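Colleague: Sending over a structure as structure tokens; questions will come in a sec.
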Amino acid sequence: MNLRVASRRVSIALLCVACASLRPSSIRADTVALWLFDEQAGVFPSSVLNDAGPNSHFLILGRGAEIGRGKFGNALRPIPPAPLAITTRGAGSDADSGGSAVTFGLRPPPAKPGRTQPPMTWENAHFAAVFTNGDSHLRRAPFANATDSKLNLGDRDWTIECWLRFAPAAQAEGVIFEIGAGPRGENDLLTRFSVLPQENAFALTFLSTAVVPAGVVAKRVEYPNPEGPPGGSATIQTATLVLGQGALPRETWVHVALVHVAGELRIFVDGKVRGAAAARISALPHGDEAYVSIGRDGRWGRPLAGEIDELRISDHAAYRAEFTPPASFARMHNGTRPTPVPVAGPPLLFGAGAPRPALVELGARRHLFLDAALVAKSENIAFSAHQARVAEPVVQGGGWISVVDAEREDIRLYANGPENGLAVFVSKDGVNFTAPDLGRGEFRGRKNIVVTDPASVGSEFIDGNGPADERWKIVTGLRQRGGIFVYTSADGFTWRRHEAAALPFWAGSAASIFYDDFFHYAQSGFIDERGAPVPGFSIDECVYANGDEIDYEVEWRARGGTRTKDVAVLAGKPVQLVARMRGASLYALQFTPR
């Protein structure tokens with residue numbers, strides 16, 4: 001295929017399915033929440049947006065946002081909600097509706113006395129991303145109470161940081177992060193971090209019990225004192241940090257960090273201090289219907305005109321002086337994950353297209369007599385399976401069980417442990433199993449617990465195409481984290497969870513995984529008129545694509561480890577595009593301007 005390059009980026013539409021090799025990052029202990037927004041583009045409202053931090057403050061995607069391309073991986077993009085047509089059949093008796101007329105938020109419950117906001121249903125659920133202890137009829141999930149967590153910013157040191165890309169016409173205030181004591185939309189008991197593009201500024205609206213400084217506009221509020229009567233009172237204030245040294249850029253990613261340290265707010269843009277203001281901030285009182293909202297406020301207004309990527313809340317002042325903006329907090333995107341190298345298995349001996357030599361090299365592989373492929377002739381032979389029989393128990397316990405043959409090592413049996421953690425038993429013969437002492441102390445009186453998360457409803461297997469430290473894998477649903485996750489291990493005993501959910505929802509019961517070691521991928525590159533590889537853009541320098549993508553941008557790894565998608569240096573030169581695929585489908589290609 002002869003091509004003349006006239007633009008900067010190559011996009012290919014491909015389909016290839018593989019069991020991905022995933023590596024988690026090391027999350028700082030003082031990270032309160034880390035939303036990567038790396039869920040799949042096109043996921044539907046009600047999907048889970050995972051928290052990669054240690055506390056599982058996962059969010060729910062609403063009708064007022066979508067997942068799109070980000071600075072690293074994907075990002076959250078607030079959008080106008082599309083029209084919604086709902087059809088219901090009867091009152092419903094499912095677990096989430098409790099058998100009432102409210103069926104998964106499709107019908108509104110009665111309004112609570114004294115409320116001004118209508119009860120939330122999917123008809124008016126125009127939020128971008130939220131978790132809440134109110135509106136439990138819409139999504140009943142194990143959400144933490146935001147006001148009882150360190151998301152409830154107060155007078156201690158803390159940091160809010162993220163990557164932002166503003167739309168060209170962004171003017172109105174757009175919310176980045178808001179926490180409210182609730183009920184949602186009924187009071188001003190909230191802390192809100194927002195951007196003011198028209199004013200070239202950022203703002204923090206907060207509760208304060210300090211004396212209002214002269215010239216500061218404030219609103220007095222009263223609220224129940226959690227320590228008892230009399231009621232508490234404070235003022236709602238807004239600190240506006242106008243940026244010096246130029247306007248906020250549009251249509252390009254910028255790193256923004258709001259740092260509170262010793263009673264002062266500092267705003268950093270791309271690592272440079274752009275503004276500061278004194279602020280005496282008080283934590284919000286406990287709220288039974290507390291919420292967190294990203295991308296919009298608690299009434300689903302103030303939508304951010306642009307995208308948010310990798311939003312992190314930290315329980316310390318992460319930056320006190322100017323700094324170089326950080327790379328991705330996800331090892332999936334920060335360059336530390338190695339390029340997978342497919343492992344070639346032995347050639348097929350039988351089957352469509354396989355040669356049928358007179359002499360078959362059996363080697364050391366196992367060959368089951370499931371068919372007559374190895375048999376040239378037989379008479380008076382019947383194929384039959386042994387009848388199942390009750391045998392002696394090999395371990396005490398129940399639940400979801402996986403058995404893995406570790407070949408020269410041992411046979412592993414993974415089963416339920418305390419608090420639905422994952423326990424391992426080992427055997428040399430597949431009949432006599434023992435609980436090993438893993439040498440890292442006890443968990444609820446047991447020394448053979450490999451995962452303390454409630455991860456016992458998944459599948460464990462060995463990935464022959466995974467790198468050495470990811471050879472073992474678990475795919476399991478974690479209800480308290482709202483998704484189906486991948487764990488990786490070098491030895492099947494010490495596991496680590498990948499920071500992003502593989503699927504942004506959880507299974508109703510167990511997650512069954514079928515592993516195929518036939519590695520699927522696609523690569524492409526350029527050769528010149530002589531047929532020689534174009535340096536920097538050869539097929540061997542192309543980064544493997546091994547996902548299910550409709551629009552995938554091709555990337556090359558140059559010497560020194562840098563990566564590029566820009567093929568502008570080839571513009572006007574006759575080249576040939578070559579593709580190399582395994583178990584993949586290529587539908588189309590396109591060169592697009594940056």
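Ordering of the structure tokens sets the chain letters (A, B, ...), residue numbers begin anew at 1 in every chain, and ligands are numbered from 1 in the order given.
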Apply DSSP to the backbone of this structure and, from region 205-433 of chain A, keep only the residues in strand (DSSP E or B); write these as a PyMOL selection string.

Modeller: chain A and resi 205-208+218-223+232-242+254-261+264-269+272-278+282+291-294+306-314+402-405+411-416+422-427+433

Colleague: Quick one: residues within 7 Å of region 29-41 of chain A, only C-alpha atoms counted, chain neighbours fewer than 4 positions away excluded, as a ChimeraX atom specification?

Modeller: /A:49-53,55,57,67-68,73-76,150-151,309-316,500,504

Colleague: I'd like the interatomic distance between CA of Ala290 (chain A) and CA of Gln237 (chain A), to a tenth of an Å.

Modeller: 19.7 Å

Colleague: Ranking A:Ala423, A:Ala382, A:Tyr319, A:Pro347 by minimum distance to Gly445 (chain A) and counting only C-alpha atoms, which one comes first?

Modeller: A:Ala423

Colleague: Can you list, as an NGL selection string, every protein, DNA or RNA residue that comes within 12 Å of Trp472 (chain A) when you count only C-alpha atoms, leaving out same-chain residues fewer than 3 positions away?

Modeller: :A and (19-23 or 404-406 or 412 or 459-469 or 475 or 486-497 or 515)

Colleague: Just want the 8 Å neighbourhood of Ala146 (chain A), counted on only C-alpha atoms, with same-chain residues fewer than 6 positions away dropped. Output as a PyMOL selection string.

Modeller: chain A and resi 132+152+179+181+290-292

Colleague: Take the residues from that selection and write them out as a PDB file, in the first residue's frame, keeping N, CA, C and O atoms.

Modeller:
```
ATOM      1  N   THR A 132     -22.819   9.731  47.144  1.00  0.00           N
ATOM      2  CA  THR A 132     -23.680  10.403  48.098  1.00  0.00           C
ATOM      3  C   THR A 132     -24.312   9.410  49.050  1.00  0.00           C
ATOM      4  O   THR A 132     -24.526   8.252  48.705  1.00  0.00           O
ATOM      5  N   ASN A 152     -13.195  15.816  53.697  1.00  0.00           N
ATOM      6  CA  ASN A 152     -13.766  16.981  54.364  1.00  0.00           C
ATOM      7  C   ASN A 152     -12.621  17.907  54.748  1.00  0.00           C
ATOM      8  O   ASN A 152     -12.081  17.846  55.852  1.00  0.00           O
ATOM      9  N   ILE A 179     -17.624  19.146  47.976  1.00  0.00           N
ATOM     10  CA  ILE A 179     -18.121  18.271  49.026  1.00  0.00           C
ATOM     11  C   ILE A 179     -19.168  19.044  49.808  1.00  0.00           C
ATOM     12  O   ILE A 179     -18.977  20.230  50.118  1.00  0.00           O
ATOM     13  N   ALA A 181     -22.328  18.861  53.036  1.00  0.00           N
ATOM     14  CA  ALA A 181     -22.881  18.131  54.173  1.00  0.00           C
ATOM     15  C   ALA A 181     -24.277  17.617  53.866  1.00  0.00           C
ATOM     16  O   ALA A 181     -24.755  16.696  54.527  1.00  0.00           O
ATOM     17  N   ALA A 290     -24.388  13.473  53.182  1.00  0.00           N
ATOM     18  CA  ALA A 290     -23.207  14.123  52.605  1.00  0.00           C
ATOM     19  C   ALA A 290     -22.921  13.572  51.215  1.00  0.00           C
ATOM     20  O   ALA A 290     -23.273  12.439  50.881  1.00  0.00           O
ATOM     21  N   TYR A 291     -22.254  14.389  50.387  1.00  0.00           N
ATOM     22  CA  TYR A 291     -21.975  13.994  49.008  1.00  0.00           C
ATOM     23  C   TYR A 291     -20.659  14.598  48.555  1.00  0.00           C
ATOM     24  O   TYR A 291     -20.133  15.551  49.129  1.00  0.00           O
ATOM     25  N   VAL A 292     -20.117  14.039  47.473  1.00  0.00           N
ATOM     26  CA  VAL A 292     -19.002  14.610  46.723  1.00  0.00           C
ATOM     27  C   VAL A 292     -19.417  14.660  45.270  1.00  0.00           C
ATOM     28  O   VAL A 292     -19.970  13.679  44.738  1.00  0.00           O
TER      29      VAL A 292
END
```

Colleague: Can you tell me which residues surround region 525-542 of chain A at a distance of at most 6 Å, considering only C-alpha atoms, apart from same-chain residues fewer than 3 positions away, and format the answer as a CSV table (one decimal) with N, CA and C atoms, in the first residue's frame?

Modeller:
```csv
chain,number,residue,atom,x,y,z
A,555,GLU,N,1.5,4.7,18.2
A,555,GLU,CA,2.5,5.3,18.9
A,555,GLU,C,3.8,4.6,18.7
A,556,TRP,N,4.9,5.3,18.6
A,556,TRP,CA,6.2,4.6,18.4
A,556,TRP,C,7.2,5.0,19.6
A,557,ARG,N,8.0,4.0,19.9
A,557,ARG,CA,9.0,4.3,21.0
A,557,ARG,C,10.3,4.5,20.3
A,558,ALA,N,10.9,5.7,20.5
A,558,ALA,CA,12.2,6.1,19.9
A,558,ALA,C,13.3,5.7,20.9
A,575,VAL,N,5.9,6.9,1.3
A,575,VAL,CA,6.2,5.8,2.2
A,575,VAL,C,5.2,4.7,2.0
A,576,GLN,N,5.5,3.5,2.5
A,576,GLN,CA,4.6,2.4,2.6
A,576,GLN,C,4.3,2.2,4.1
A,577,LEU,N,3.0,1.9,4.4
A,577,LEU,CA,2.6,1.6,5.7
A,577,LEU,C,2.4,0.1,5.8
A,578,VAL,N,3.1,-0.5,6.8
A,578,VAL,CA,3.1,-2.0,6.9
A,578,VAL,C,2.4,-2.3,8.3
```

Colleague: Which region 118-162 of chain A residues have any atom within 12 Å of an atom of region 239-255 of chain A, and for each, what is the nearest pair of atoms with distance in Å to one decimal, counting only C-alpha atoms, rows sorted by chain and number, as a Markdown table?

Modeller:
```
| residue | atom | partner | partner_atom | distance |
| --- | --- | --- | --- | --- |
| A:Ile160 | CA | A:His255 | CA | 10.9 |
| A:Glu161 | CA | A:His255 | CA | 7.3 |
| A:Cys162 | CA | A:His255 | CA | 5.9 |
```

Colleague: Would you save the residues of that selection, restricted to C-alpha atoms, as an mmCIF file, in the first residue's frame?

Modeller:
```cif
data_model
loop_
_atom_site.group_PDB
_atom_site.id
_atom_site.type_symbol
_atom_site.label_atom_id
_atom_site.label_comp_id
_atom_site.auth_asym_id
_atom_site.auth_seq_id
_atom_site.Cartn_x
_atom_site.Cartn_y
_atom_site.Cartn_z
ATOM 1 C CA ILE A 160 -6.206 19.214 45.440
ATOM 2 C CA GLU A 161 -4.512 18.615 42.090
ATOM 3 C CA CYS A 162 -5.529 17.499 38.629
#
```

Colleague: Return the single residue from A:Ile281, A:Ala305, A:Met581, A:Ile484 that is closest to Ala169 (chain A), with distances computed using only C-alpha atoms.

Modeller: A:Ala305

Colleague: Would you mind listing what lies within 8 Å of Gly174 (chain A) as a list in words, with only C-alpha atoms counted and same-chain residues fewer than 5 positions away left out?

Modeller: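 Contacts, in chain order: Ser194, Val195, Leu196, Gly295, Arg296, Arg302, Pro303, Leu304 and Ala305 of chain A.
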